>>> print(open('work_3.cif').read())   # mmCIF, C-alpha atoms
data_work
#
loop_
_atom_site.label_atom_id
_atom_site.label_comp_id
_atom_site.auth_asym_id
_atom_site.auth_seq_id
_atom_site.Cartn_x
_atom_site.Cartn_y
_atom_site.Cartn_z
CA MET A 1 -48.74 73.62 -35.65
CA LYS A 2 -49.91 72.12 -32.34
CA THR A 3 -52.42 69.92 -34.13
CA ILE A 4 -49.75 68.64 -36.51
CA ARG A 5 -47.48 67.82 -33.60
CA ARG A 6 -50.24 66.03 -31.77
CA SER A 7 -51.20 63.99 -34.81
CA LEU A 8 -47.55 63.14 -35.44
CA SER A 9 -47.24 61.90 -31.84
CA ILE A 10 -50.35 59.78 -32.28
CA ILE A 11 -48.95 58.34 -35.52
CA TYR A 12 -45.66 57.60 -33.76
CA VAL A 13 -47.31 55.74 -30.87
CA ALA A 14 -49.59 53.91 -33.30
CA ALA A 15 -46.55 52.84 -35.32
CA ILE A 16 -44.86 51.45 -32.19
CA VAL A 17 -48.01 49.52 -31.27
CA ALA A 18 -48.33 48.23 -34.84
CA ILE A 19 -44.68 47.08 -34.89
CA MET A 20 -45.12 45.33 -31.55
CA ALA A 21 -48.26 43.62 -32.81
CA ALA A 22 -46.58 42.62 -36.06
CA PHE A 23 -43.50 41.13 -34.41
CA PRO A 24 -44.72 39.50 -31.21
CA ALA A 25 -41.66 37.25 -31.19
CA TRP A 26 -39.53 40.27 -30.27
CA LEU A 27 -41.42 40.90 -27.08
CA PRO A 28 -40.14 38.02 -24.99
CA ALA A 29 -36.66 39.29 -25.84
CA GLN A 30 -35.51 36.06 -27.27
CA THR A 31 -35.59 33.93 -30.36
CA ALA A 32 -34.26 30.47 -30.37
CA ALA A 33 -33.91 28.08 -33.21
CA VAL A 34 -34.19 24.85 -31.33
CA LYS A 35 -33.91 21.79 -33.42
CA SER A 36 -36.06 19.16 -31.90
CA SER A 37 -37.69 15.97 -32.84
CA ASP A 38 -41.42 15.70 -32.48
CA ALA A 39 -41.33 12.70 -30.22
CA SER A 40 -41.46 12.96 -26.48
CA SER A 41 -39.35 10.80 -24.24
CA GLY A 42 -41.55 8.60 -22.18
CA SER A 43 -38.84 6.88 -20.16
CA ALA A 44 -36.97 9.96 -19.01
CA MET A 45 -38.54 9.89 -15.57
CA GLN A 46 -36.51 6.86 -14.54
CA TRP A 47 -33.30 8.69 -15.38
CA SER A 48 -31.46 11.21 -13.30
CA VAL A 49 -29.23 13.88 -14.71
CA GLN A 50 -26.07 15.56 -13.51
CA VAL A 51 -25.41 19.03 -14.89
CA ASP A 52 -21.75 19.75 -15.54
CA ARG A 53 -20.27 23.22 -15.32
CA VAL A 54 -20.35 25.17 -18.57
CA ASN A 55 -17.33 24.74 -20.80
CA PRO A 56 -16.46 28.11 -22.39
CA GLY A 57 -14.49 26.40 -25.16
CA ASP A 58 -11.99 28.74 -26.80
CA LEU A 59 -14.15 31.79 -26.15
CA GLU A 60 -13.78 34.42 -23.48
CA VAL A 61 -17.20 34.04 -21.94
CA ALA A 62 -17.87 36.22 -18.90
CA TYR A 63 -17.78 34.15 -15.71
CA SER A 64 -21.14 35.55 -14.68
CA PHE A 65 -22.59 34.11 -17.91
CA GLN A 66 -21.05 30.68 -17.29
CA VAL A 67 -22.43 30.57 -13.76
CA ALA A 68 -25.82 31.94 -14.84
CA ILE A 69 -26.19 29.29 -17.58
CA TYR A 70 -25.31 26.53 -15.08
CA GLU A 71 -27.72 27.76 -12.39
CA ASN A 72 -30.54 28.43 -14.85
CA LEU A 73 -30.09 24.97 -16.39
CA LEU A 74 -30.53 23.34 -12.98
CA LYS A 75 -33.66 25.39 -12.36
CA GLU A 76 -35.20 24.74 -15.78
CA LEU A 77 -34.44 21.00 -15.76
CA ASN A 78 -36.08 20.71 -12.35
CA LYS A 79 -39.11 22.56 -13.71
CA THR A 80 -39.59 20.14 -16.62
CA LYS A 81 -39.95 17.17 -14.21
CA GLN A 82 -38.41 15.00 -16.92
CA PHE A 83 -35.81 13.52 -14.61
CA LYS A 84 -36.07 11.69 -11.33
CA GLN A 85 -33.33 13.82 -9.80
CA VAL A 86 -31.19 16.70 -11.01
CA PHE A 87 -27.69 16.75 -9.54
CA ARG A 88 -25.11 19.47 -9.47
CA ASP A 89 -21.60 19.04 -10.78
CA GLY A 90 -19.45 17.30 -8.15
CA ASP A 91 -22.38 16.06 -6.06
CA ARG A 92 -21.25 12.87 -4.32
CA ASN A 93 -24.81 11.52 -4.13
CA ALA A 94 -24.87 11.17 -7.92
CA SER A 95 -22.35 8.33 -7.81
CA ASP A 96 -24.87 6.02 -6.12
CA VAL A 97 -27.64 6.66 -8.64
CA PRO A 98 -28.07 3.75 -11.11
CA ASN A 99 -29.47 5.54 -14.18
CA LEU A 100 -27.50 8.71 -14.54
CA LEU A 101 -27.03 10.93 -17.55
CA VAL A 102 -24.56 13.80 -17.67
CA LEU A 103 -25.43 17.08 -19.37
CA GLN A 104 -22.43 18.85 -20.87
CA THR A 105 -22.70 22.35 -22.29
CA THR A 106 -20.03 23.90 -24.49
CA VAL A 107 -20.25 27.50 -25.65
CA GLU A 108 -19.78 27.79 -29.42
CA LYS A 109 -20.69 31.43 -30.06
CA TYR A 110 -20.93 34.33 -27.68
CA THR A 111 -21.69 37.98 -28.30
CA PRO A 112 -21.78 39.98 -25.06
CA GLY A 113 -24.12 42.67 -26.38
CA SER A 114 -25.07 45.89 -24.69
CA GLU A 115 -28.36 46.88 -23.08
CA THR A 116 -27.70 50.54 -23.85
CA ARG A 117 -27.03 49.87 -27.52
CA ARG A 118 -30.23 47.86 -27.74
CA ALA A 119 -32.17 50.71 -26.15
CA VAL A 120 -30.61 53.36 -28.40
CA THR A 121 -30.45 51.60 -31.76
CA THR A 122 -32.98 48.71 -31.49
CA VAL A 123 -31.20 46.79 -34.25
CA SER A 124 -27.78 46.30 -32.66
CA GLY A 125 -26.42 45.33 -29.25
CA ALA A 126 -28.08 41.91 -29.08
CA THR A 127 -26.66 39.41 -26.61
CA LYS A 128 -26.27 36.08 -28.37
CA LEU A 129 -25.33 32.68 -27.06
CA THR A 130 -25.02 29.44 -28.99
CA VAL A 131 -24.10 26.28 -27.14
CA ARG A 132 -23.72 22.60 -27.93
CA SER A 133 -25.60 20.51 -25.38
CA GLN A 134 -24.81 16.84 -24.99
CA LEU A 135 -26.48 14.23 -22.84
CA LEU A 136 -24.08 11.42 -22.12
CA THR A 137 -24.17 8.18 -20.22
CA ARG A 138 -21.61 7.44 -17.50
CA GLU A 139 -19.61 5.50 -20.09
CA GLY A 140 -19.43 8.58 -22.31
CA LYS A 141 -21.92 7.51 -24.95
CA ILE A 142 -23.72 10.50 -26.44
CA VAL A 143 -27.47 9.93 -26.29
CA LEU A 144 -28.56 13.40 -27.34
CA GLU A 145 -26.79 16.32 -28.97
CA ARG A 146 -28.35 19.68 -29.81
CA ARG A 147 -27.18 23.13 -30.79
CA VAL A 148 -29.26 25.67 -28.90
CA ASN A 149 -29.49 29.47 -28.98
CA GLY A 150 -30.41 31.98 -26.32
CA ASN A 151 -30.58 35.63 -27.26
CA VAL A 152 -31.74 38.99 -26.00
CA ARG A 153 -32.60 41.21 -28.94
CA LEU A 154 -34.67 44.04 -27.52
CA PHE A 155 -35.74 44.15 -23.89
CA GLY A 156 -33.99 42.78 -20.86
CA SER A 157 -30.54 42.63 -19.34
CA ASN A 158 -27.67 40.74 -20.95
CA LEU A 159 -27.92 37.94 -18.40
CA ARG A 160 -31.46 37.23 -19.55
CA ALA A 161 -29.90 35.45 -22.53
CA THR A 162 -28.71 32.73 -20.13
CA HIS A 163 -32.25 32.24 -18.84
CA ASN A 164 -33.61 31.96 -22.38
CA LEU A 165 -30.82 29.57 -23.31
CA ALA A 166 -31.44 27.30 -20.32
CA ARG A 167 -35.15 27.26 -21.05
CA ASN A 168 -34.47 26.30 -24.67
CA ILE A 169 -32.08 23.52 -23.64
CA ALA A 170 -34.65 22.11 -21.21
CA LYS A 171 -37.30 22.37 -23.92
CA ALA A 172 -35.05 20.60 -26.45
CA ILE A 173 -34.41 17.76 -24.00
CA LYS A 174 -38.10 17.46 -23.16
CA GLN A 175 -39.15 17.32 -26.79
CA SER A 176 -36.46 14.88 -27.90
CA ARG A 177 -36.31 11.14 -27.81
CA TRP A 178 -33.02 9.62 -26.88
CA ASP A 179 -31.82 6.07 -27.19
CA VAL A 180 -29.66 4.94 -24.28
CA GLY A 181 -29.59 1.25 -25.08
CA MET B 1 30.56 81.85 9.55
CA ASN B 2 31.02 78.37 10.92
CA SER B 3 28.02 78.68 13.21
CA TYR B 4 25.95 79.85 10.20
CA PHE B 5 26.66 76.56 8.35
CA VAL B 6 25.87 74.52 11.47
CA ARG B 7 22.56 76.35 11.86
CA GLN B 8 21.73 75.78 8.18
CA ALA B 9 22.54 72.08 8.49
CA LEU B 10 20.36 71.76 11.62
CA ILE B 11 17.45 73.47 9.86
CA ARG B 12 17.76 71.09 6.90
CA VAL B 13 17.91 68.03 9.14
CA TRP B 14 14.91 69.27 11.11
CA ALA B 15 12.97 69.91 7.87
CA LEU B 16 13.80 66.42 6.61
CA LEU B 17 12.68 64.81 9.87
CA PHE B 18 9.49 66.88 9.87
CA CYS B 19 8.59 65.84 6.31
CA SER B 20 9.26 62.16 6.94
CA SER B 21 7.24 62.20 10.16
CA LEU B 22 4.34 63.82 8.27
CA GLY B 23 4.49 61.01 5.71
CA ALA B 24 4.49 58.41 8.46
CA LEU B 25 1.53 60.13 10.10
CA ALA B 26 -0.38 60.18 6.80
CA GLN B 27 0.20 56.46 6.41
CA SER B 28 -0.95 55.67 9.90
CA THR B 29 -4.14 57.73 9.52
CA ALA B 30 -5.30 55.66 6.50
CA PRO B 31 -8.29 53.48 7.49
CA PRO B 32 -6.98 50.14 8.61
CA VAL B 33 -8.36 47.10 6.80
CA LYS B 34 -9.55 44.82 9.55
CA ALA B 35 -10.21 41.35 8.21
CA SER B 36 -12.36 40.42 11.20
CA ALA B 37 -14.52 43.58 11.29
CA PRO B 38 -18.15 43.11 10.12
CA PHE B 39 -18.87 44.61 6.74
CA SER B 40 -22.15 45.16 4.94
CA ILE B 41 -23.32 46.87 1.75
CA ARG B 42 -26.50 47.10 -0.30
CA ALA B 43 -26.54 44.62 -3.17
CA THR B 44 -28.86 42.92 -5.62
CA HIS B 45 -28.93 39.15 -5.70
CA LEU B 46 -29.20 38.30 -9.39
CA LEU B 47 -29.36 34.51 -9.05
CA GLY B 48 -27.91 31.40 -7.47
CA LEU B 49 -28.29 31.57 -3.69
CA GLU B 50 -30.43 28.89 -2.08
CA ASN B 51 -33.82 30.02 -0.69
CA THR B 52 -33.34 33.54 -2.00
CA LYS B 53 -35.36 35.20 -4.73
CA SER B 54 -33.62 36.22 -7.93
CA ASN B 55 -33.27 39.93 -8.70
CA CYS B 56 -33.98 41.01 -5.15
CA ASN B 57 -32.32 43.80 -3.20
CA GLY B 58 -30.81 43.18 0.18
CA THR B 59 -27.76 43.49 2.35
CA LEU B 60 -24.58 41.65 1.54
CA SER B 61 -22.43 41.27 4.61
CA ILE B 62 -19.30 39.49 5.68
CA GLN B 63 -19.37 38.35 9.30
CA GLY B 64 -16.81 36.05 10.78
CA ASP B 65 -15.78 33.71 8.02
CA ALA B 66 -19.09 33.75 6.16
CA LEU B 67 -20.69 35.83 3.46
CA GLN B 68 -24.37 36.54 4.09
CA PHE B 69 -27.17 37.96 2.00
CA GLN B 70 -30.24 39.16 3.85
CA GLN B 71 -33.43 40.35 2.22
CA GLY B 72 -35.25 42.65 4.64
CA GLU B 73 -36.15 40.92 7.90
CA LYS B 74 -36.02 37.42 6.44
CA PRO B 75 -33.26 35.06 7.59
CA GLY B 76 -30.34 35.37 5.23
CA ALA B 77 -28.52 32.89 3.05
CA GLU B 78 -24.97 32.15 4.11
CA VAL B 79 -21.89 30.93 2.30
CA LYS B 80 -18.81 29.94 4.28
CA ALA B 81 -15.61 31.48 3.01
CA THR B 82 -13.93 28.09 3.20
CA SER B 83 -16.45 26.64 0.73
CA ILE B 84 -15.85 29.36 -1.87
CA GLN B 85 -13.82 28.01 -4.77
CA ALA B 86 -13.59 31.12 -6.91
CA VAL B 87 -14.54 34.78 -6.92
CA PHE B 88 -14.90 36.68 -10.18
CA LEU B 89 -15.35 40.39 -10.54
CA GLY B 90 -16.97 41.81 -13.64
CA GLY B 91 -18.64 44.97 -14.81
CA GLU B 92 -21.89 45.71 -16.56
CA SER B 93 -23.76 48.74 -17.80
CA LYS B 94 -27.53 48.64 -17.30
CA GLN B 95 -30.43 50.89 -18.16
CA VAL B 96 -32.01 52.52 -15.13
CA GLY B 97 -35.64 53.34 -14.40
CA GLY B 98 -37.23 49.94 -14.92
CA LEU B 99 -40.52 49.42 -16.71
CA PRO B 100 -41.96 52.96 -16.17
CA MET B 101 -38.88 54.45 -17.79
CA LYS B 102 -39.09 51.95 -20.69
CA LEU B 103 -42.72 52.87 -21.34
CA GLY B 104 -41.92 56.56 -21.12
CA LYS B 105 -39.08 56.17 -23.59
CA ALA B 106 -41.28 54.22 -25.99
CA ALA B 107 -43.96 56.91 -25.84
CA ALA B 108 -41.59 59.84 -26.32
CA PRO B 109 -41.99 61.34 -29.81
CA TYR B 110 -39.29 61.94 -32.43
CA GLY B 111 -36.99 59.27 -31.01
CA GLY B 112 -36.60 61.20 -27.79
CA GLY B 113 -36.58 57.94 -25.86
CA ARG B 114 -33.41 56.84 -27.60
CA VAL B 115 -31.65 60.01 -26.55
CA VAL B 116 -32.77 59.42 -22.97
CA SER B 117 -31.43 55.84 -23.19
CA LEU B 118 -28.04 57.23 -24.11
CA PHE B 119 -27.76 58.85 -20.69
CA ALA B 120 -30.04 56.67 -18.55
CA HIS B 121 -27.56 53.92 -17.84
CA LYS B 122 -25.40 53.10 -14.87
CA LYS B 123 -22.32 50.95 -14.42
CA TYR B 124 -22.35 48.19 -11.86
CA ASP B 125 -19.91 45.62 -10.54
CA THR B 126 -20.97 42.00 -10.78
CA LEU B 127 -19.59 39.65 -8.17
CA THR B 128 -19.70 35.98 -9.14
CA LEU B 129 -19.06 33.32 -6.51
CA VAL B 130 -18.48 29.63 -7.13
CA TYR B 131 -18.84 27.52 -3.99
CA VAL B 132 -19.51 23.94 -2.95
CA ASP B 133 -22.15 22.54 -0.60
CA SER B 134 -21.70 19.80 1.99
CA ASP B 135 -22.27 17.10 -0.68
CA GLY B 136 -19.60 18.56 -2.96
CA GLY B 137 -22.13 19.99 -5.42
CA VAL B 138 -20.99 23.14 -7.20
CA HIS B 139 -23.11 26.27 -6.77
CA GLY B 140 -22.85 29.68 -8.34
CA ALA B 141 -24.20 33.01 -7.15
CA ILE B 142 -24.17 36.41 -8.81
CA PHE B 143 -24.53 39.76 -7.06
CA GLN B 144 -24.83 43.22 -8.51
CA LEU B 145 -23.03 45.93 -6.55
CA SER B 146 -22.41 49.62 -6.96
CA LYS B 147 -19.35 50.47 -8.99
CA GLY B 148 -16.17 50.02 -6.96
CA GLN B 149 -17.67 47.91 -4.18
CA GLY B 150 -17.00 44.59 -5.89
CA GLU B 151 -13.28 44.97 -5.47
CA LEU B 152 -13.77 45.75 -1.79
CA VAL B 153 -15.74 42.56 -1.23
CA THR B 154 -13.25 40.40 -3.13
CA ASN B 155 -10.40 41.83 -1.08
CA LEU B 156 -12.25 41.13 2.15
CA LEU B 157 -13.04 37.58 1.04
CA LYS B 158 -9.40 37.07 0.20
CA ALA B 159 -8.47 38.29 3.67
CA ARG B 160 -10.93 35.82 5.20
CA GLY B 161 -9.54 32.63 3.81
CA VAL B 162 -10.43 32.44 0.14
CA SER B 163 -6.88 31.43 -0.59
CA PRO B 164 -5.24 29.54 -3.45
CA SER B 165 -4.97 26.51 -1.13
CA SER B 166 -8.74 26.30 -0.67
CA GLY B 167 -9.46 26.73 -4.35
CA GLU B 168 -8.97 28.98 -7.31
CA TYR B 169 -9.05 32.70 -6.62
CA GLN B 170 -9.43 34.80 -9.67
CA THR B 171 -10.34 38.41 -10.17
CA THR B 172 -11.00 39.59 -13.65
CA LYS B 173 -12.38 42.79 -15.04
CA GLN B 174 -14.82 42.04 -17.79
CA SER B 175 -16.84 44.62 -19.58
CA THR B 176 -19.95 43.71 -21.46
CA VAL B 177 -20.53 47.22 -22.66
CA GLU B 178 -18.97 47.02 -26.08
CA VAL B 179 -20.12 44.71 -28.83
CA MET B 180 -17.29 43.65 -31.08
CA ASP B 181 -18.71 40.73 -32.97
CA GLU B 182 -22.21 41.62 -33.97
CA ASN B 183 -22.96 39.66 -37.12
CA ASN B 184 -22.46 36.10 -36.07
#
>>> encode(input="work_3.cif", output="structure tokens")
Amino acid sequence: MKTIRRSLSIIYVAAIVAIMAAFPAWLPAQTAAVKSSDASSGSAMQWSVQVDRVNPGDLEVAYSFQVAIYENLLKELNKTKQFKQVFRDGDRNASDVPNLLVLQTTVEKYTPGSETRRAVTTVSGATKLTVRSQLLTREGKIVLERRVNGNVRLFGSNLRATHNLARNIAKAIKQSRWDVG
Amino acid sequence: MNSYFVRQALIRVWALLFCSSLGALAQSTAPPVKASAPFSIRATHLLGLENTKSNCNGTLSIQGDALQFQQGEKPGAEVKATSIQAVFLGGESKQVGGLPMKLGKAAAPYGGGRVVSLFAHKKYDTLTLVYVDSDGGVHGAIFQLSKGQGELVTNLLKARGVSPSSGEYQTTKQSTVEVMDENN
């Protein structure tokens, strides 16, 4: 009986390891379908960007999520080094900058999710965020528009979805070519 | 007979006065909320504050007209109450135990880890601040507090000048525990 139990435990652990090896995309706790063009923007460095506060649209998005997306976006855009300067919403210094783009983020889909449900069921309780990101000129001309996802499907807190989302937005901007002229 | 009624009336009046004075005493013994008294609690800084690590534990305090977060002996980050535009209170349920617990749950046979997950969670308050810097740039900061302490902090901030005149003051209870729309 003991031997059977032991072998069952070994099989169970081996199955977990095999599943983790088979689906490595689950491990970083996020999947994002980022549509991006293959070209890289070479002239982005001469542009600065101002990040607007997140627009929740018609959805009831938790305020902590809105703030977390905004703060993570600032951090991730700074990390990419794609822009000369990254300004916060309302920053007076941005008005003096000649080449300024404005990043607007509107939430299109939001599922709060539950860390406990993820831990108990594995297949449900995912935190999902879908936003529409737009880069605009001062005159309001859209130079780049992308729909970006940020999810937490297995491990991590709900707020981690905002980090994944911001990273995907920064990645989408970095990998895209935009035409300002 | 007459004196009996007078005595009865006196006893009733005395009893009434005694009860009301007890009530008044009970009210006066309630802890007074002093807006200027220093206040500090343990909190986790989730993100947002300048020069402060994300997901770090520390002490959240309100001294004078400023909210401070100090991590150990390091100098703390400070936000003036007058620069706070909005305060939001939310709630969240999180799994406890960290990585060792996660590994233990994954290794437990016969789905035992899932049963443990059912009980190994704790509810927290999340305090979200929106404030502006000297250049007018909007900042956000999120703190995780023990259940019930978030309301205390928001009340103290309100008492220290986070008023409708200096910005939007909003307190909302939001729960992220339940998932209603799963298949989007």
>>> interface_residues(input="work_3.cif", of="chain A", to="chain B", cutoff="8 Å", atoms="all atoms listed in the file", output="NGL selection string")
:A and (9 or 12-13 or 16 or 62-64 or 67-68 or 70-71 or 87-93 or 109 or 111-116 or 119-121 or 124-126 or 157)
>>> closest_residue(input="work_3.cif", among="A:Ser133, A:Thr127, A:Asn78, A:Ser48", to="A:Ile169", atoms="all atoms listed in the file")
A:Ser133
>>> atom_distance(input="work_3.cif", atom1="atom CA of A:Leu77", atom2="atom CA of B:Tyr131")
20.6 Å
>>> residues_around(input="work_3.cif", residues="A:Thr80", least_positions_apart="2", cutoff="10 Å", atoms="all atoms listed in the file", output="short mmCIF file (atom, residue, chain, number, x, y, z; two decimals) with C-alpha atoms, keeping the file's coordinate frame")
data_model
loop_
_atom_site.label_atom_id
_atom_site.label_comp_id
_atom_site.auth_asym_id
_atom_site.auth_seq_id
_atom_site.Cartn_x
_atom_site.Cartn_y
_atom_site.Cartn_z
CA LYS A 75 -33.66 25.39 -12.36
CA GLU A 76 -35.20 24.74 -15.78
CA LEU A 77 -34.44 21.00 -15.76
CA ASN A 78 -36.08 20.71 -12.35
CA GLN A 82 -38.41 15.00 -16.92
CA PHE A 83 -35.81 13.52 -14.61
CA ARG A 167 -35.15 27.26 -21.05
CA ALA A 170 -34.65 22.11 -21.21
CA LYS A 171 -37.30 22.37 -23.92
CA ILE A 173 -34.41 17.76 -24.00
CA LYS A 174 -38.10 17.46 -23.16
#
>>> axis_aligned_box(input="work_3.cif", around="stretch 81-84 of chain A", padding_each_side="6 Å", output="lines of an AutoDock Vina configuration file")
center_x = -37.9
center_y = 14.4
center_z = -14.1
size_x = 16.1
size_y = 17.5
size_z = 17.6
>>> atom_distance(input="work_3.cif", atom1="atom CA of B:Ala77", atom2="atom CA of B:Gly58")
10.9 Å
>>> residues_near_point(input="work_3.cif", point="(-26.4, 21.6, -17.5)", cutoff="6 Å", atoms="all atoms listed in the file", output="compact mmCIF listing (two decimals) with C-alpha atoms, in the frame of the given file")
# COMPACT_ATOMS: atom_id res chain seq x y z
CA VAL A 51 -25.41 19.03 -14.89
CA ASP A 52 -21.75 19.75 -15.54
CA TYR A 70 -25.31 26.53 -15.08
CA LEU A 73 -30.09 24.97 -16.39
CA LEU A 103 -25.43 17.08 -19.37
CA GLN A 104 -22.43 18.85 -20.87
>>> atom_distance(input="work_3.cif", atom1="atom CA of A:Leu129", atom2="atom CA of A:Asn149")
5.6 Å
>>> residues_near_point(input="work_3.cif", point="(-27.0, 13.7, -12.4)", cutoff="6 Å", atoms="all atoms listed in the file", output="PyMOL selection string")
chain A and resi 48-50+86-87+94+100-102
>>> closest_residue(input="work_3.cif", among="B:Ser83, B:Asn55, B:Thr44, B:Gln68", to="B:Gln144", atoms="all atoms listed in the file")
B:Thr44
>>> residues_around(input="work_3.cif", residues="A:Glu145", least_positions_apart="5", cutoff="8 Å", atoms="only C-alpha atoms", output="number ranges by chain")
A: 132-135
>>> closest_residue(input="work_3.cif", among="A:Ile69, A:Val97, A:Val54, A:Val143", to="A:Leu159", atoms="all atoms listed in the file")
A:Ile69
>>> build_atoms(input="work_3.cif", residues="stretch 53-75 of chain B", atoms="N, CA and C atoms", output="PDB file, in the coordinates of the input")
ATOM      1  N   LYS B  53     -34.765  34.839  -3.444  1.00  0.00           N
ATOM      2  CA  LYS B  53     -35.360  35.200  -4.730  1.00  0.00           C
ATOM      3  C   LYS B  53     -34.311  35.805  -5.655  1.00  0.00           C
ATOM      4  N   SER B  54     -34.503  35.590  -6.953  1.00  0.00           N
ATOM      5  CA  SER B  54     -33.620  36.220  -7.930  1.00  0.00           C
ATOM      6  C   SER B  54     -34.027  37.690  -8.097  1.00  0.00           C
ATOM      7  N   ASN B  55     -33.055  38.491  -8.465  1.00  0.00           N
ATOM      8  CA  ASN B  55     -33.270  39.930  -8.700  1.00  0.00           C
ATOM      9  C   ASN B  55     -33.891  40.650  -7.517  1.00  0.00           C
ATOM     10  N   CYS B  56     -33.433  40.323  -6.312  1.00  0.00           N
ATOM     11  CA  CYS B  56     -33.980  41.010  -5.150  1.00  0.00           C
ATOM     12  C   CYS B  56     -32.878  41.814  -4.447  1.00  0.00           C
ATOM     13  N   ASN B  57     -33.281  42.941  -3.908  1.00  0.00           N
ATOM     14  CA  ASN B  57     -32.320  43.800  -3.200  1.00  0.00           C
ATOM     15  C   ASN B  57     -32.194  43.341  -1.758  1.00  0.00           C
ATOM     16  N   GLY B  58     -31.039  43.559  -1.203  1.00  0.00           N
ATOM     17  CA  GLY B  58     -30.810  43.180   0.180  1.00  0.00           C
ATOM     18  C   GLY B  58     -29.471  43.672   0.669  1.00  0.00           C
ATOM     19  N   THR B  59     -29.031  43.092   1.760  1.00  0.00           N
ATOM     20  CA  THR B  59     -27.760  43.490   2.350  1.00  0.00           C
ATOM     21  C   THR B  59     -26.770  42.341   2.255  1.00  0.00           C
ATOM     22  N   LEU B  60     -25.649  42.635   1.648  1.00  0.00           N
ATOM     23  CA  LEU B  60     -24.580  41.650   1.540  1.00  0.00           C
ATOM     24  C   LEU B  60     -23.577  41.959   2.642  1.00  0.00           C
ATOM     25  N   SER B  61     -23.336  40.989   3.500  1.00  0.00           N
ATOM     26  CA  SER B  61     -22.430  41.270   4.610  1.00  0.00           C
ATOM     27  C   SER B  61     -21.423  40.139   4.771  1.00  0.00           C
ATOM     28  N   ILE B  62     -20.313  40.495   5.363  1.00  0.00           N
ATOM     29  CA  ILE B  62     -19.300  39.490   5.680  1.00  0.00           C
ATOM     30  C   ILE B  62     -19.101  39.527   7.185  1.00  0.00           C
ATOM     31  N   GLN B  63     -19.492  38.430   7.838  1.00  0.00           N
ATOM     32  CA  GLN B  63     -19.370  38.350   9.300  1.00  0.00           C
ATOM     33  C   GLN B  63     -18.649  37.070   9.653  1.00  0.00           C
ATOM     34  N   GLY B  64     -17.627  37.209  10.457  1.00  0.00           N
ATOM     35  CA  GLY B  64     -16.810  36.050  10.780  1.00  0.00           C
ATOM     36  C   GLY B  64     -16.156  35.540   9.525  1.00  0.00           C
ATOM     37  N   ASP B  65     -16.362  34.262   9.238  1.00  0.00           N
ATOM     38  CA  ASP B  65     -15.780  33.710   8.020  1.00  0.00           C
ATOM     39  C   ASP B  65     -16.863  33.345   7.012  1.00  0.00           C
ATOM     40  N   ALA B  66     -17.971  34.074   7.068  1.00  0.00           N
ATOM     41  CA  ALA B  66     -19.090  33.750   6.160  1.00  0.00           C
ATOM     42  C   ALA B  66     -19.610  34.999   5.447  1.00  0.00           C
ATOM     43  N   LEU B  67     -20.049  34.761   4.235  1.00  0.00           N
ATOM     44  CA  LEU B  67     -20.690  35.830   3.460  1.00  0.00           C
ATOM     45  C   LEU B  67     -22.197  35.619   3.549  1.00  0.00           C
ATOM     46  N   GLN B  68     -22.925  36.665   3.896  1.00  0.00           N
ATOM     47  CA  GLN B  68     -24.370  36.540   4.090  1.00  0.00           C
ATOM     48  C   GLN B  68     -25.113  37.494   3.172  1.00  0.00           C
ATOM     49  N   PHE B  69     -26.281  37.055   2.725  1.00  0.00           N
ATOM     50  CA  PHE B  69     -27.170  37.960   2.000  1.00  0.00           C
ATOM     51  C   PHE B  69     -28.519  37.931   2.675  1.00  0.00           C
ATOM     52  N   GLN B  70     -28.964  39.084   3.127  1.00  0.00           N
ATOM     53  CA  GLN B  70     -30.240  39.160   3.850  1.00  0.00           C
ATOM     54  C   GLN B  70     -31.187  40.086   3.113  1.00  0.00           C
ATOM     55  N   GLN B  71     -32.390  39.565   2.901  1.00  0.00           N
ATOM     56  CA  GLN B  71     -33.430  40.350   2.220  1.00  0.00           C
ATOM     57  C   GLN B  71     -34.425  40.824   3.263  1.00  0.00           C
ATOM     58  N   GLY B  72     -34.354  42.089   3.635  1.00  0.00           N
ATOM     59  CA  GLY B  72     -35.250  42.650   4.640  1.00  0.00           C
ATOM     60  C   GLY B  72     -35.074  41.965   5.989  1.00  0.00           C
ATOM     61  N   GLU B  73     -36.197  41.553   6.575  1.00  0.00           N
ATOM     62  CA  GLU B  73     -36.150  40.920   7.900  1.00  0.00           C
ATOM     63  C   GLU B  73     -36.015  39.403   7.811  1.00  0.00           C
ATOM     64  N   LYS B  74     -36.085  38.876   6.602  1.00  0.00           N
ATOM     65  CA  LYS B  74     -36.020  37.420   6.440  1.00  0.00           C
ATOM     66  C   LYS B  74     -34.640  36.892   6.828  1.00  0.00           C
ATOM     67  N   PRO B  75     -34.579  35.634   7.297  1.00  0.00           N
ATOM     68  CA  PRO B  75     -33.260  35.060   7.590  1.00  0.00           C
ATOM     69  C   PRO B  75     -32.433  34.942   6.317  1.00  0.00           C
TER      70      PRO B  75
END
